[in-house]
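Q: Supplied structure: input_2.txt, compact mmCIF, C-alpha atoms.
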# COMPACT_ATOMS: atom_id res chain seq x y z
CA MET A 18 -4.27 -34.92 4.59
CA SER A 19 -6.70 -34.20 1.83
CA VAL A 20 -6.26 -31.11 -0.31
CA VAL A 21 -9.32 -29.51 1.30
CA LEU A 22 -7.80 -29.69 4.77
CA LEU A 23 -4.48 -28.35 3.46
CA VAL A 24 -6.30 -25.44 1.79
CA LEU A 25 -8.13 -24.68 5.05
CA GLU A 26 -4.87 -24.72 7.00
CA ASP A 27 -3.27 -22.45 4.41
CA ALA A 28 -6.24 -20.07 4.60
CA LEU A 29 -5.97 -19.97 8.39
CA TRP A 30 -2.32 -18.87 8.40
CA SER A 31 -3.00 -16.40 5.58
CA ALA A 32 -5.80 -14.91 7.67
CA LEU A 33 -3.37 -14.34 10.55
CA ALA A 34 -0.86 -12.73 8.17
CA ALA A 35 -3.56 -10.43 6.75
CA LEU A 36 -4.71 -9.45 10.26
CA GLY A 37 -1.21 -8.37 11.27
CA PHE A 38 -0.76 -6.26 8.15
CA ALA A 39 -4.25 -4.75 8.45
CA MET A 40 -3.21 -3.48 11.90
CA LEU A 41 0.17 -2.30 10.59
CA PHE A 42 -1.71 -0.29 7.94
CA ASN A 43 -4.12 1.07 10.60
CA ALA A 44 -7.23 -0.34 8.90
CA PRO A 45 -10.54 0.71 10.52
CA ARG A 46 -11.69 -1.77 13.16
CA ARG A 47 -14.95 -2.55 11.39
CA ALA A 48 -12.98 -3.41 8.22
CA LEU A 49 -10.86 -6.05 9.98
CA PRO A 50 -13.14 -9.10 9.46
CA ALA A 51 -13.46 -8.39 5.73
CA CYS A 52 -9.69 -7.77 5.42
CA VAL A 53 -8.93 -11.09 7.13
CA LEU A 54 -11.49 -12.90 4.95
CA ALA A 55 -9.94 -11.40 1.80
CA GLY A 56 -6.46 -12.53 2.87
CA ALA A 57 -7.65 -16.07 3.62
CA LEU A 58 -9.67 -16.32 0.38
CA GLY A 59 -6.89 -15.09 -1.92
CA HIS A 60 -4.02 -17.19 -0.57
CA GLY A 61 -6.23 -20.23 0.12
CA LEU A 62 -7.59 -20.16 -3.43
CA ARG A 63 -4.07 -19.79 -4.82
CA TYR A 64 -2.92 -22.81 -2.80
CA GLY A 65 -5.93 -24.87 -3.86
CA VAL A 66 -5.55 -24.06 -7.57
CA MET A 67 -1.81 -24.77 -7.44
CA HIS A 68 -1.95 -28.05 -5.57
CA GLY A 69 -5.39 -29.27 -6.66
CA LEU A 70 -5.25 -28.38 -10.35
CA GLY A 71 -1.49 -28.09 -10.86
CA ALA A 72 -1.62 -24.51 -12.17
CA SER A 73 1.52 -22.35 -12.15
CA LEU A 74 2.29 -20.00 -9.27
CA VAL A 75 1.81 -16.87 -11.37
CA ALA A 76 -1.51 -18.02 -12.87
CA SER A 77 -2.80 -19.07 -9.44
CA SER A 78 -1.75 -15.69 -8.00
CA LEU A 79 -3.76 -13.94 -10.71
CA LEU A 80 -6.82 -16.04 -9.85
CA GLY A 81 -6.37 -15.42 -6.13
CA ALA A 82 -6.00 -11.68 -6.67
CA LEU A 83 -9.11 -11.61 -8.91
CA ALA A 84 -11.08 -13.27 -6.11
CA VAL A 85 -9.72 -10.70 -3.63
CA GLY A 86 -10.60 -7.88 -6.03
CA PHE A 87 -14.22 -8.98 -6.46
CA LEU A 88 -14.64 -9.65 -2.73
CA ALA A 89 -13.15 -6.21 -2.02
CA ARG A 90 -15.70 -4.54 -4.32
CA TRP A 91 -18.55 -6.37 -2.64
CA CYS A 92 -17.29 -5.44 0.83
CA ALA A 93 -16.76 -1.85 -0.34
CA VAL A 94 -20.44 -1.55 -1.28
CA ARG A 95 -21.63 -3.32 1.89
CA LEU A 96 -19.40 -1.43 4.34
CA LYS A 97 -19.25 1.88 2.40
CA MET A 98 -15.47 2.05 2.30
CA PRO A 99 -13.07 2.29 -0.65
CA ALA A 100 -12.28 -1.15 -2.09
CA ILE A 101 -8.55 -0.48 -1.82
CA VAL A 102 -8.71 -1.13 1.95
CA PHE A 103 -9.74 -4.77 1.49
CA ALA A 104 -7.81 -5.30 -1.74
CA VAL A 105 -4.42 -4.15 -0.47
CA VAL A 106 -4.63 -6.14 2.77
CA GLY A 107 -6.13 -9.11 0.92
CA VAL A 108 -3.22 -9.57 -1.48
CA ILE A 109 -0.50 -8.99 1.14
CA PRO A 110 -0.21 -12.73 2.00
CA MET A 111 0.39 -13.41 -1.72
CA VAL A 112 3.17 -10.80 -2.08
CA PRO A 113 6.18 -12.87 -3.24
CA GLY A 114 8.36 -12.27 -0.17
CA ALA A 115 10.08 -15.66 -0.36
CA TYR A 116 10.95 -15.23 -4.05
CA ALA A 117 12.17 -11.68 -3.51
CA PHE A 118 14.32 -13.01 -0.65
CA ARG A 119 15.80 -15.78 -2.82
CA THR A 120 16.50 -13.23 -5.57
CA MET A 121 18.38 -11.05 -3.09
CA ILE A 122 20.35 -14.02 -1.71
CA GLY A 123 21.22 -15.04 -5.27
CA VAL A 124 22.47 -11.53 -6.07
CA LEU A 125 24.60 -11.58 -2.92
CA GLN A 126 26.03 -14.98 -3.89
CA ILE A 127 26.88 -13.73 -7.38
CA ALA A 128 28.58 -10.67 -5.87
CA GLY A 129 30.48 -12.60 -3.22
CA GLY A 130 31.22 -15.68 -5.30
CA ILE A 131 30.02 -17.83 -2.37
CA MET A 132 28.58 -21.03 -3.83
CA GLU A 133 27.32 -24.21 -2.28
CA ASP A 134 29.74 -26.95 -3.33
CA SER A 135 27.57 -28.57 -5.96
CA THR A 136 26.36 -25.42 -7.75
CA THR A 137 28.20 -23.37 -10.34
CA LEU A 138 28.04 -19.61 -10.93
CA THR A 139 25.95 -20.21 -14.06
CA GLN A 140 23.41 -22.22 -12.07
CA VAL A 141 23.17 -19.51 -9.42
CA MET A 142 22.69 -16.82 -12.08
CA THR A 143 20.00 -18.81 -13.91
CA GLN A 144 18.18 -19.49 -10.66
CA THR A 145 18.42 -15.85 -9.58
CA VAL A 146 17.09 -14.48 -12.85
CA GLN A 147 14.24 -16.98 -12.68
CA ASN A 148 13.39 -15.98 -9.09
CA GLY A 149 13.49 -12.29 -10.04
CA VAL A 150 11.18 -12.80 -13.01
CA ILE A 151 8.71 -14.81 -10.89
CA THR A 152 8.74 -12.04 -8.25
CA ALA A 153 7.97 -9.35 -10.85
CA LEU A 154 5.29 -11.42 -12.59
CA ILE A 155 3.48 -12.25 -9.33
CA LEU A 156 3.45 -8.55 -8.38
CA ALA A 157 2.03 -7.66 -11.80
CA ALA A 158 -0.57 -10.43 -11.47
CA LEU A 159 -1.63 -9.16 -8.02
CA ALA A 160 -2.06 -5.58 -9.26
CA MET A 161 -3.90 -6.73 -12.37
CA GLY A 162 -6.15 -9.00 -10.32
CA ILE A 163 -7.31 -6.31 -7.91
CA SER A 164 -7.66 -3.68 -10.68
CA VAL A 165 -9.88 -5.74 -13.02
CA PRO A 166 -13.07 -5.45 -10.89
CA THR A 167 -12.60 -1.67 -10.77
CA MET A 168 -12.12 -1.59 -14.53
CA ILE A 169 -15.32 -3.60 -15.00
CA PHE A 170 -17.62 -1.85 -12.52
CA GLN A 171 -16.38 1.75 -12.51
CA ARG A 172 -16.82 2.80 -16.08
CA GLN A 173 -18.48 6.17 -15.54
CA LYS A 174 -17.20 9.14 -17.49
CA PRO A 175 -13.96 10.23 -15.78
CA VAL A 176 -14.52 13.21 -13.48
CA VAL A 177 -11.17 14.69 -14.42
CA MET Y 7 -10.35 41.81 -25.70
CA ALA Y 8 -14.06 41.08 -25.87
CA GLU Y 9 -13.35 37.92 -27.83
CA MET Y 10 -10.92 36.68 -25.21
CA ILE Y 11 -13.43 37.10 -22.41
CA GLU Y 12 -16.00 35.33 -24.55
CA ALA Y 13 -13.56 32.43 -24.99
CA VAL Y 14 -13.05 32.09 -21.24
CA ILE Y 15 -16.74 31.97 -20.47
CA ASP Y 16 -17.66 29.72 -23.37
CA ASP Y 17 -16.07 26.51 -22.14
CA ASP Y 18 -17.85 23.20 -21.71
CA HIS Y 19 -18.29 22.94 -17.95
CA PRO Y 20 -21.26 24.15 -15.95
CA HIS Y 21 -21.20 27.59 -14.40
CA LYS Y 22 -22.02 28.12 -10.76
CA PRO Y 23 -22.67 31.31 -8.81
CA PRO Y 24 -19.58 33.54 -8.56
CA MET Y 25 -17.51 32.99 -5.42
CA GLU Y 26 -15.67 35.52 -3.33
CA ARG Y 27 -11.93 35.45 -3.98
CA GLU Y 28 -11.41 34.49 -0.34
CA GLU Y 29 -13.90 31.63 -0.67
CA LEU Y 30 -12.10 30.34 -3.76
CA ARG Y 31 -8.83 30.42 -1.82
CA ASP Y 32 -10.39 28.36 0.97
CA VAL Y 33 -11.80 25.78 -1.39
CA ILE Y 34 -8.51 25.16 -3.19
CA SER Y 35 -6.52 25.03 0.07
CA LEU Y 36 -8.90 22.58 1.69
CA SER Y 37 -9.25 20.24 -1.30
CA LEU Y 38 -5.47 20.18 -1.66
CA TRP Y 39 -5.11 19.40 2.02
CA ALA Y 40 -7.41 16.38 1.58
CA GLY Y 41 -5.39 15.31 -1.47
CA GLN Y 42 -2.13 15.70 0.43
CA MET Y 43 -3.32 13.43 3.22
CA LEU Y 44 -4.51 10.81 0.71
CA LEU Y 45 -1.16 10.88 -1.10
CA GLN Y 46 0.83 10.60 2.12
CA ASN Y 47 -1.20 7.71 3.48
CA GLY Y 48 -1.13 5.26 0.60
CA ALA Y 49 -3.85 6.17 -1.95
CA ASP Y 50 -3.20 5.71 -5.66
CA SER Y 51 -2.84 8.75 -7.94
CA GLN Y 52 -6.27 8.44 -9.53
CA LYS Y 53 -8.00 8.40 -6.14
CA VAL Y 54 -6.14 11.59 -5.16
CA GLU Y 55 -7.03 13.33 -8.41
CA GLU Y 56 -10.71 12.36 -8.24
CA THR Y 57 -11.11 13.35 -4.61
CA VAL Y 58 -9.50 16.79 -5.00
CA HIS Y 59 -11.57 17.44 -8.11
CA ARG Y 60 -14.80 16.32 -6.44
CA LEU Y 61 -14.27 18.37 -3.29
CA GLY Y 62 -13.37 21.49 -5.30
CA THR Y 63 -16.31 21.31 -7.68
CA GLN Y 64 -18.81 20.33 -4.99
CA LEU Y 65 -17.76 23.29 -2.85
CA GLY Y 66 -18.62 25.76 -5.62
CA CYS Y 67 -15.90 25.83 -8.27
CA ASP Y 68 -16.94 25.51 -11.90
CA TRP Y 69 -14.06 23.24 -12.65
CA MET Y 70 -10.82 22.03 -11.15
CA ASP Y 71 -7.72 20.79 -12.93
CA VAL Y 72 -5.51 18.62 -10.73
CA VAL Y 73 -1.95 17.46 -11.39
CA VAL Y 74 -0.85 14.68 -9.06
CA LEU Y 75 2.90 14.19 -8.88
CA TYR Y 76 4.85 11.65 -6.88
CA ASP Y 77 5.27 13.93 -3.85
CA SER Y 78 3.17 17.02 -4.56
CA ILE Y 79 -0.16 18.15 -6.00
CA ILE Y 80 -0.91 21.21 -8.15
CA ALA Y 81 -4.46 22.38 -8.72
CA THR Y 82 -6.19 25.23 -10.51
CA THR Y 83 -9.74 26.20 -9.57
CA LEU Y 84 -12.00 28.03 -12.00
CA ASN Y 85 -15.00 30.13 -11.08
CA ASN Y 86 -16.42 32.47 -13.70
CA ARG Y 87 -13.49 34.59 -14.79
CA GLU Y 88 -11.54 34.00 -11.61
CA PHE Y 89 -8.99 31.24 -11.19
CA ARG Y 90 -6.50 30.36 -8.53
CA THR Y 91 -3.61 27.92 -8.66
CA LYS Y 92 -1.82 26.38 -5.77
CA ALA Y 93 0.88 23.75 -5.32
CA ARG Y 94 1.05 21.64 -2.22
CA ARG Y 95 3.95 19.42 -1.21
CA ALA Y 96 3.16 15.99 0.17
CA PRO Y 97 6.48 14.39 1.05
CA GLY Y 98 6.82 11.23 3.10
CA ARG Y 99 5.14 7.91 2.61
CA GLY Y 100 3.17 5.99 5.20
CA VAL Y 101 0.14 3.76 5.08
CA ASN Y 102 -2.91 4.71 7.09
CA LEU Y 103 -6.10 3.15 5.75
CA GLU Y 104 -8.27 4.82 8.43
CA LYS Y 105 -7.41 8.27 7.07
CA ILE Y 106 -8.08 7.18 3.49
CA VAL Y 107 -11.50 5.83 4.50
CA GLN Y 108 -12.46 9.01 6.37
CA ILE Y 109 -11.38 11.37 3.59
CA ASN Y 110 -13.25 9.18 1.13
CA ASP Y 111 -16.35 9.61 3.33
CA LEU Y 112 -15.89 13.38 3.20
CA SER Y 113 -15.80 13.35 -0.59
CA TYR Y 114 -19.11 11.43 -0.66
CA GLN Y 115 -20.65 13.81 1.89
CA ALA Y 116 -19.62 16.68 -0.38
CA MET Y 117 -21.28 15.00 -3.35
CA ARG Y 118 -24.52 14.72 -1.37
CA GLY Y 119 -24.21 18.42 -0.61
CA GLU Y 120 -23.82 17.90 3.14
CA LEU Y 121 -20.50 19.68 3.39
CA ASP Y 122 -19.47 23.32 3.31
CA ARG Y 123 -15.94 24.65 3.59
CA PHE Y 124 -16.22 25.33 7.33
CA VAL Y 125 -17.29 21.78 8.13
CA LEU Y 126 -14.63 20.46 5.73
CA ARG Y 127 -11.89 22.40 7.51
CA ARG Y 128 -13.04 21.12 10.90
CA GLU Y 129 -13.19 17.53 9.64
CA LEU Y 130 -9.77 17.66 7.93
CA ARG Y 131 -8.24 19.08 11.09
CA ARG Y 132 -9.76 16.18 13.06
CA ILE Y 133 -8.59 13.52 10.57
CA ASP Y 134 -5.08 15.00 10.51
CA LYS Y 135 -4.79 14.50 14.26
CA LEU Y 136 -6.38 11.02 14.42
CA SER Y 137 -4.51 8.73 16.75
CA PRO Y 138 -3.80 5.15 15.60
CA ASN Y 139 -6.57 2.55 15.97
CA TYR Y 140 -4.27 0.02 17.57
CA GLY Y 141 -1.82 0.51 20.39
CA ARG Y 142 1.89 0.32 19.71
CA TRP Y 143 2.44 -3.03 21.42
CA THR Y 144 -0.70 -4.53 19.90
CA VAL Y 145 0.78 -3.80 16.46
CA VAL Y 146 4.13 -5.30 17.53
CA LEU Y 147 2.36 -8.46 18.74
CA PHE Y 148 0.22 -8.94 15.65
CA VAL Y 149 2.96 -8.10 13.15
CA GLY Y 150 5.11 -10.71 14.92
CA LEU Y 151 2.28 -13.23 14.62
CA ALA Y 152 1.76 -12.32 10.94
CA CYS Y 153 5.43 -13.00 10.16
CA ALA Y 154 5.24 -16.27 12.12
CA ALA Y 155 2.26 -17.21 9.93
CA PHE Y 156 4.41 -16.45 6.87
CA ALA Y 157 7.12 -18.73 8.28
CA ARG Y 158 4.51 -21.48 8.44
CA LEU Y 159 3.36 -20.75 4.85
CA PHE Y 160 7.01 -21.04 3.72
CA GLY Y 161 7.16 -24.52 5.23
CA GLY Y 162 8.68 -23.74 8.61
CA ASP Y 163 8.02 -25.77 11.77
CA LEU Y 164 7.09 -24.57 15.26
CA ALA Y 165 10.71 -23.67 16.11
CA ALA Y 166 11.04 -21.51 12.99
CA MET Y 167 7.69 -19.85 13.74
CA THR Y 168 8.68 -19.02 17.31
CA ILE Y 169 12.00 -17.50 16.27
CA THR Y 170 10.31 -15.57 13.45
CA PHE Y 171 7.77 -14.19 15.92
CA LEU Y 172 10.50 -12.93 18.26
CA ALA Y 173 12.65 -11.53 15.45
CA ALA Y 174 9.76 -9.76 13.69
CA ALA Y 175 8.37 -8.33 16.94
CA ILE Y 176 11.77 -6.93 17.92
CA GLY Y 177 12.21 -5.59 14.40
CA MET Y 178 8.78 -3.91 14.50
CA ALA Y 179 9.53 -2.25 17.85
CA ILE Y 180 12.81 -0.87 16.47
CA ARG Y 181 11.09 0.33 13.31
CA GLN Y 182 8.45 2.21 15.34
CA GLN Y 183 11.09 3.75 17.58
CA MET Y 184 13.15 4.94 14.61
CA ALA Y 185 10.04 6.31 12.88
CA LEU Y 186 9.16 8.26 16.04
CA ALA Y 187 12.66 9.78 15.99
CA TYR Y 188 12.20 10.80 12.30
CA PHE Y 189 15.03 8.63 11.01
CA ASN Y 190 15.33 8.37 7.24
CA PRO Y 191 13.06 5.49 6.06
CA ILE Y 192 15.87 3.83 4.10
CA LEU Y 193 18.15 3.76 7.15
CA THR Y 194 15.22 2.52 9.27
CA THR Y 195 14.65 -0.32 6.80
CA ILE Y 196 18.33 -1.34 6.73
CA VAL Y 197 18.64 -1.34 10.53
CA THR Y 198 15.33 -3.18 11.05
CA ALA Y 199 16.20 -5.83 8.43
CA PHE Y 200 19.63 -6.26 10.02
CA VAL Y 201 18.32 -6.69 13.57
CA ALA Y 202 15.37 -8.92 12.58
CA SER Y 203 17.53 -11.22 10.45
CA LEU Y 204 20.24 -11.28 13.13
CA VAL Y 205 17.74 -12.45 15.76
CA ALA Y 206 16.30 -14.96 13.28
CA SER Y 207 19.78 -16.31 12.45
CA VAL Y 208 20.13 -17.54 16.05
CA GLY Y 209 17.94 -20.48 15.03
CA VAL Y 210 20.33 -21.37 12.20
CA LEU Y 211 23.41 -21.02 14.44
CA LEU Y 212 21.88 -23.22 17.17
CA LYS Y 213 20.36 -25.60 14.57
CA LEU Y 214 16.86 -25.32 16.05
CA GLY Y 215 14.21 -27.34 14.21
CA ALA Y 216 14.32 -28.76 10.69
CA GLN Y 217 14.23 -25.56 8.62
CA PRO Y 218 15.71 -22.71 10.68
CA ALA Y 219 16.68 -20.65 7.57
CA VAL Y 220 12.98 -20.00 6.87
CA ALA Y 221 12.93 -17.65 9.86
CA ILE Y 222 15.41 -15.27 8.22
CA SER Y 223 13.22 -14.78 5.16
CA ALA Y 224 9.95 -14.55 7.12
CA ALA Y 225 11.21 -12.16 9.82
CA VAL Y 226 11.98 -9.34 7.36
CA LEU Y 227 8.58 -9.55 5.63
CA LEU Y 228 7.17 -6.79 7.85
CA LEU Y 229 9.36 -4.44 5.80
CA VAL Y 230 8.25 -5.55 2.33
CA PRO Y 231 6.97 -2.39 0.58
CA GLY Y 232 3.71 -4.03 -0.47
CA VAL Y 233 1.64 -0.85 -0.70
CA PRO Y 234 4.18 1.17 -2.79
CA LEU Y 235 4.63 -1.78 -5.15
CA ILE Y 236 0.89 -2.44 -5.55
CA ASN Y 237 0.16 1.29 -5.96
CA ALA Y 238 2.96 1.48 -8.53
CA SER Y 239 1.40 -1.28 -10.62
CA GLU Y 240 -2.05 0.27 -10.22
CA ASP Y 241 -0.79 3.69 -11.34
CA LEU Y 242 0.87 2.11 -14.37
CA LEU Y 243 -2.38 0.31 -15.27
CA ASN Y 244 -4.31 3.59 -14.90
CA GLY Y 245 -1.97 5.43 -17.26
CA GLN Y 246 -0.22 7.37 -14.47
CA ILE Y 247 3.09 6.20 -15.91
CA ILE Y 248 5.44 8.67 -14.24
CA ASN Y 249 3.94 8.22 -10.78
CA GLY Y 250 3.91 4.45 -11.28
CA LEU Y 251 7.60 4.44 -12.17
CA ALA Y 252 8.46 6.73 -9.26
CA ARG Y 253 6.55 4.60 -6.74
CA GLY Y 254 8.03 1.42 -8.20
CA THR Y 255 11.51 2.88 -7.84
CA TRP Y 256 10.80 3.73 -4.23
CA GLY Y 257 9.60 0.15 -3.63
CA LEU Y 258 12.76 -1.16 -5.28
CA ILE Y 259 14.99 1.06 -3.12
CA LEU Y 260 13.28 -0.21 0.04
CA SER Y 261 13.69 -3.82 -1.19
CA LEU Y 262 17.40 -3.21 -1.74
CA ALA Y 263 17.62 -1.73 1.76
CA ILE Y 264 16.13 -4.97 3.13
CA ALA Y 265 18.70 -6.94 1.10
CA LEU Y 266 21.52 -4.84 2.54
CA GLY Y 267 20.32 -5.47 6.10
CA ILE Y 268 20.17 -9.23 5.50
CA ALA Y 269 23.56 -9.18 3.79
CA MET Y 270 25.09 -7.56 6.88
CA THR Y 271 23.71 -10.39 9.02
CA LEU Y 272 25.01 -13.06 6.64
CA TRP Y 273 28.49 -11.48 6.51
CA LEU Y 274 28.58 -11.16 10.28
CA THR Y 275 27.42 -14.70 11.07
CA GLY Y 276 28.96 -16.43 8.06
CA ILE Y 277 25.66 -18.21 7.39
CA LYS Y 278 25.33 -19.54 3.84
CA ILE Y 279 21.84 -19.99 2.49
CA ALA Y 280 21.18 -22.42 -0.35
CA LEU Y 281 18.97 -21.02 -3.09
Take the structure in the file and give it back as structure tokens.

A:
Amino acid sequence: MSVVLLVLEDALWSALAALGFAMLFNAPRRALPACVLAGALGHGLRYGVMHGLGASLVASSLLGALAVGFLARWCAVRLKMPAIVFAVVGVIPMVPGAYAFRTMIGVLQIAGGIMEDSTTLTQVMTQTVQNGVITALILAALAMGISVPTMIFQRQKPVV
Amino acid sequence: MAEMIEAVIDDDHPHKPPMEREELRDVISLSLWAGQMLLQNGADSQKVEETVHRLGTQLGCDWMDVVVLYDSIIATTLNNREFRTKARRAPGRGVNLEKIVQINDLSYQAMRGELDRFVLRRELRRIDKLSPNYGRWTVVLFVGLACAAFARLFGGDLAAMTITFLAAAIGMAIRQQMALAYFNPILTTIVTAFVASLVASVGVLLKLGAQPAVAISAAVLLLVPGVPLINASEDLLNGQIINGLARGTWGLILSLAIALGIAMTLWLTGIKIAL
């Protein structure tokens, strides 16, 4: 399959993930299409940049979150709702659940001393620290990405 | 004495007509109520502060100083020489975007001058009692589908997706039931993570499909504290350091609760997962 088709498939599943979380967060019904679009755009873009251009996961997450942030601002103006609605749901598919999971499993393995035959404790520890750092960096990138549009467009004198 | 009074009046914010003491009390109570609902339903600290300030000043106060803490808000309203201070607790953390949107609308209505304190009270009362937009089982269905989609994104096949759907849907139903019974959120997270990962581990035990272990990681994703963690980072970026740290800590505690639930499943089933 070409990269384009893979990106489209990725975007489709991300859209479904975003829809479920939009409902979990009780998003307004008329915000649902924009929420789903934001989820598909962010994760799809991240996948495309990673597999098409070979960028790192963290850098691609930042790009994806930036796209979500700008789309959220545009939707906020169009639909007269706070941007946070679209931004939060939009980055949910990119939240590093798999890395957080692997970090937790690694911590449990360190605690229990349960290793796969071929790996040593040092390898498990290195891998776990790496997974933890990636988790934290992706989260920071997501927050940064959705905050930048606000920092650019909302520069009025603070009310408080 | 005369100098002190002079100092109070000669500050740098605009002066509005004097308000009755009772009116001032209403304004501070109502703006704090709006702030409380924002804080409890997933808004970041700056949004809470801005909204309370806007509502207070638009409803007739000269100025309003707002302190947003992790689980409470303190505000002082000024009007001529009169001021009133009130603290309001806002414990508990949920996410309800509908309420955030509606309170945001109210703050814009106030800025356009379309809102007085009587309308504001009626509207806040209505928003407080809003029933969810989606039925309980609809949420269970779509959260299950969302986690199945995550299983696919993690490289799972149809078998892993099906098991993830079942595990996540059962987990979501349990989470709702425990929330309705006012169980502690940490306990709710541990139990939900345990049950969801236990159901998902059936695929590993029966060796269904090529990558059955994916289901265990995808099925617990409905619990990931995405909103606390994103709000934490946003607060930190906005200079709300203490609130950011507090929210981040809460997100971390919930993540550890998920880990504990999964660990219980792994101990019980003896499943070993390669990193």

Q: Of the candidates Y:Trp273, Y:Tyr188, Y:Trp143, Y:Phe160, which shows the shortest atom-to-atom distance to Phe118 in chain A, using all atoms listed in the file?

A: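 Ranking Y:Trp273, Y:Tyr188, Y:Trp143, Y:Phe160 by distance to Phe118 in chain A, first place goes to Y:Phe160.
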
Q: Residues near Leu38 in chain Y, anyone? I mean within 12 Å using all atoms listed in the file, not counting same-chain ones fewer than 5 positions away, as a PyMOL selection string.

A: chain Y and resi 31-33+43-45+54-62+70-74+78-83+91-96+109+126-127+130

Q: Taking all atoms listed in the file into account, what are the residues of chain A at most 6 Å from chain Y, put as a PyMOL selection string?

A: chain A and resi 30+33-34+37+42-45+98+121+160

Q: Provide the CA of Gly69 in chain A to CA of Ala104 in chain A distance in Å, to one decimal place.

A: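 Value for the CA of Gly69 in chain A-CA of Ala104 in chain A distance: 24.6 Å.
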
Q: Given the point (0.8, -9.4, -9.4) in the file's coordinates, find the residues that have an atom at most 8 Å from it, counting only C-alpha atoms, and give them as a PyMOL selection string.

A: (chain A and resi 75+78-79+82+112+153-162) or (chain Y and resi 236)

Q: Need to verify the contact set: Thr195 in chain Y, 7 Å, all atoms listed in the file, exclusion of same-chain residues closer than 2 positions in sequence. Can you return it as a PyMOL selection string?

A: chain Y and resi 191-193+197-199+229+260+263-264

Q: Could you jot down the CA of Arg132 in chain Y to CA of Val53 in chain A separation for me, Å, one decimal place?

A: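 Interatomic distance, CA of Arg132 in chain Y to CA of Val53 in chain A: 27.9 Å.
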
Q: Figure out the distance between CA of Arg118 in chain Y and CA of Arg87 in chain Y, please, to one decimal in Å.

A: 26.4 Å

Q: Can you tell me, as a list in words, what residues are no more than 10 Å from Leu96 in chain A when counting all atoms listed in the file, ignoring any on the same chain fewer than 5 positions away?

A: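 The filter keeps Arg47, Ala48, Ala51, Arg90 and Trp91 of chain A.
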
Q: From the set A:Leu62, A:Ala128, A:Val106, A:Ile163, which residue has the shortest atom-to-atom contact distance to Gly81 in chain A, counting only C-alpha atoms?

A: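 With only C-alpha atoms as the atom set, the closest residue is A:Leu62.
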
Q: Would it be fine to have range 58-69 of chain Y, with N, CA and C atoms, given as an mmCIF file, in the first residue's frame?

A:
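Output file part-v8.cif is given in full below:
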data_model
loop_
_atom_site.group_PDB
_atom_site.id
_atom_site.type_symbol
_atom_site.label_atom_id
_atom_site.label_comp_id
_atom_site.auth_asym_id
_atom_site.auth_seq_id
_atom_site.Cartn_x
_atom_site.Cartn_y
_atom_site.Cartn_z
ATOM 1 N N VAL Y 58 -14.365 34.049 35.806
ATOM 2 C CA VAL Y 58 -14.871 34.606 37.064
ATOM 3 C C VAL Y 58 -14.680 36.126 37.065
ATOM 4 N N HIS Y 59 -13.518 36.563 36.607
ATOM 5 C CA HIS Y 59 -13.236 37.999 36.568
ATOM 6 C C HIS Y 59 -14.214 38.727 35.641
ATOM 7 N N ARG Y 60 -14.421 38.142 34.450
ATOM 8 C CA ARG Y 60 -15.309 38.767 33.471
ATOM 9 C C ARG Y 60 -16.726 38.881 33.999
ATOM 10 N N LEU Y 61 -17.239 37.759 34.536
ATOM 11 C CA LEU Y 61 -18.622 37.776 35.040
ATOM 12 C C LEU Y 61 -18.758 38.830 36.139
ATOM 13 N N GLY Y 62 -17.805 38.852 37.084
ATOM 14 C CA GLY Y 62 -17.882 39.783 38.204
ATOM 15 C C GLY Y 62 -17.867 41.226 37.749
ATOM 16 N N THR Y 63 -16.930 41.558 36.859
ATOM 17 C CA THR Y 63 -16.824 42.961 36.442
ATOM 18 C C THR Y 63 -17.969 43.359 35.517
ATOM 19 N N GLN Y 64 -18.450 42.423 34.700
ATOM 20 C CA GLN Y 64 -19.563 42.766 33.808
ATOM 21 C C GLN Y 64 -20.866 42.947 34.584
ATOM 22 N N LEU Y 65 -20.983 42.295 35.738
ATOM 23 C CA LEU Y 65 -22.219 42.415 36.511
ATOM 24 C C LEU Y 65 -22.165 43.594 37.489
ATOM 25 N N GLY Y 66 -21.162 44.460 37.371
ATOM 26 C CA GLY Y 66 -21.192 45.699 38.135
ATOM 27 C C GLY Y 66 -20.066 45.959 39.099
ATOM 28 N N CYS Y 67 -19.162 44.987 39.307
ATOM 29 C CA CYS Y 67 -18.038 45.264 40.201
ATOM 30 C C CYS Y 67 -17.006 46.128 39.479
ATOM 31 N N ASP Y 68 -16.278 46.937 40.278
ATOM 32 C CA ASP Y 68 -15.202 47.719 39.684
ATOM 33 C C ASP Y 68 -14.066 46.809 39.259
ATOM 34 N N TRP Y 69 -13.795 45.871 40.105
ATOM 35 C CA TRP Y 69 -12.643 45.001 39.874
ATOM 36 C C TRP Y 69 -12.876 43.695 40.601
#
